[in-house]
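This report refers to the structure that appears directly beneath it.
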Amino acid sequence: MPLIPYPNVPAASGIPTMPRQAAKVTALALASAASYRYGSQFNGPQWQILAEGGSAAIIPDSVIAFEFHGESRVSNYPVEQGAFASYNKIASPFDARLVISCGGQGQMTRSDFLAALGSMADSTDVFTIVTPDASFPNCNLVSFDYRQTSSNGAKLIVAACYFVEVRPTAQASYQSTKQASGADPQSNGAVSPTNPTASEQNQMGAAGVM
C-alpha cells in the first residue's frame, strides 16, 4: 500500500500547523493496519479442523460463522425457612457450531467434502477446532446439515457442523499395592491348562488348593 502523500496546507489564518513528521507516522500506521487486516490471506489458514494426529480432517473453501456456548452449573441445597445455599460449581462440556462451505474449486471436491463430514459424524474421534483467537480441543461432531440454494449457484455447499466437547477420563494405575489382589492385572500370554501330576496332587492334599 503506497504511503499517503502530504497534503498541501496553506499557511492562512485559522488553519493549524501540522508537523510533517506526524503526518508520516500516521501514514505508516495506516499502512501497517491495512497489512495486518489483509495479511491473513497470505499467511496460511487461520481456521482449521484437525484430527488427533494433527492432520486436517476436512478442508473447506471458507468459514462463514462460528458459535461457541459454554455453561457452568451451580449446585444448591435447601436450608432453613425455604432458603438455598450453593456449595459447588461444575463446568459443563461446551458445544460449538461451525458453518463452512465448499464449492468444489478448492482443495476438496463437493463429494469428498460431504464424505468427510459423514465420516466425522459417524466416528467417535475427537477433533480440534482452530480459530484465529483460540483453539478448542476434544470436539466430536455430533450432527451436521447442509444446503444448496439458487442464490449461490446451487453448487455451493453450506454446511452447519455441531460439535460437543468430549472430556477424557483419567485411568488410575497401581504399581505397588498392599494386597496382591489390588494390583493391575497382567497379561502373560495364552495359558494352556493341563492336569496336575501325581506328585502335584499329593502336595495339594485331599482338600485341594485353598
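To be explicit about the labels: the chains of the C-alpha cells are called A, B, and onward in the order shown, and within each one the residues are counted from 1, while ligands get numbers from 1 in the order they are shown.
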
Near A:Tyr146, within 9 Å and counting only C-alpha atoms, which residues show up once chain neighbours fewer than 5 positions away are dropped, as a compact mmCIF listing (two decimals) with N, CA and C atoms, in the first residue's frame?
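Result file follows (selection.txt):
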```
# COMPACT_ATOMS: atom_id res chain seq x y z
N SER A 101 -18.16 -23.86 4.06
CA SER A 101 -18.68 -24.00 2.70
C SER A 101 -17.66 -24.67 1.80
N ILE A 157 -21.96 -25.69 -1.39
CA ILE A 157 -22.49 -26.41 -0.23
C ILE A 157 -22.16 -25.60 1.01
N VAL A 158 -23.17 -25.24 1.78
CA VAL A 158 -23.00 -24.54 3.05
C VAL A 158 -23.45 -25.49 4.15
N ALA A 159 -22.51 -25.96 4.95
CA ALA A 159 -22.77 -26.98 5.96
C ALA A 159 -22.62 -26.38 7.35
N ALA A 160 -23.58 -26.68 8.20
CA ALA A 160 -23.53 -26.29 9.61
C ALA A 160 -23.15 -27.52 10.43
N CYS A 161 -22.02 -27.45 11.12
CA CYS A 161 -21.49 -28.58 11.89
C CYS A 161 -21.63 -28.29 13.37
```

Rows by chain and residue number, stretch 110-155 of chain A within 12 Å of stretch 76-93 of chain A, shortest pair, only C-alpha atoms, as a Markdown table:
```
| residue | atom | partner | partner_atom | distance |
| --- | --- | --- | --- | --- |
| A:Phe136 | CA | A:Pro93 | CA | 11.4 |
| A:Pro137 | CA | A:Pro93 | CA | 11.5 |
| A:Asn138 | CA | A:Pro93 | CA | 10.1 |
| A:Cys139 | CA | A:Pro93 | CA | 9.7 |
| A:Asn140 | CA | A:Pro93 | CA | 11.2 |
```

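Within the 10 Å cut-off around A:Asp133, using only C-alpha atoms and omitting residues fewer than 2 positions from it on the same chain, the listed residues are Gln46, Trp47, Val130, Thr131 and Ser135 of chain A.
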
Determine, using only C-alpha atoms, which residues of stretch 70-148 of chain A have any atom at most 10 Å from an atom of stretch 55-58 of chain A, and tabulate each with its shortest atom pair and distance in Å to one decimal place, rows ordered by chain and then rising number, as JSON lines.
```
{"residue": "A:Gln107", "atom": "CA", "partner": "A:Ile58", "partner_atom": "CA", "distance": 9.6}
{"residue": "A:Met108", "atom": "CA", "partner": "A:Ile58", "partner_atom": "CA", "distance": 8.3}
{"residue": "A:Asp112", "atom": "CA", "partner": "A:Ile58", "partner_atom": "CA", "distance": 9.0}
{"residue": "A:Phe113", "atom": "CA", "partner": "A:Ile58", "partner_atom": "CA", "distance": 7.1}
{"residue": "A:Leu114", "atom": "CA", "partner": "A:Ile58", "partner_atom": "CA", "distance": 9.6}
{"residue": "A:Ala115", "atom": "CA", "partner": "A:Ile58", "partner_atom": "CA", "distance": 9.8}
{"residue": "A:Ala116", "atom": "CA", "partner": "A:Ile58", "partner_atom": "CA", "distance": 6.4}
{"residue": "A:Leu117", "atom": "CA", "partner": "A:Ile58", "partner_atom": "CA", "distance": 7.6}
{"residue": "A:Ser119", "atom": "CA", "partner": "A:Ala57", "partner_atom": "CA", "distance": 9.8}
{"residue": "A:Met120", "atom": "CA", "partner": "A:Ala57", "partner_atom": "CA", "distance": 8.1}
{"residue": "A:Phe127", "atom": "CA", "partner": "A:Ala57", "partner_atom": "CA", "distance": 7.8}
{"residue": "A:Thr128", "atom": "CA", "partner": "A:Ala57", "partner_atom": "CA", "distance": 9.3}
```

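Atom CA of A:Pro60 sits 7.6 Å away from atom CA of A:Gly106.
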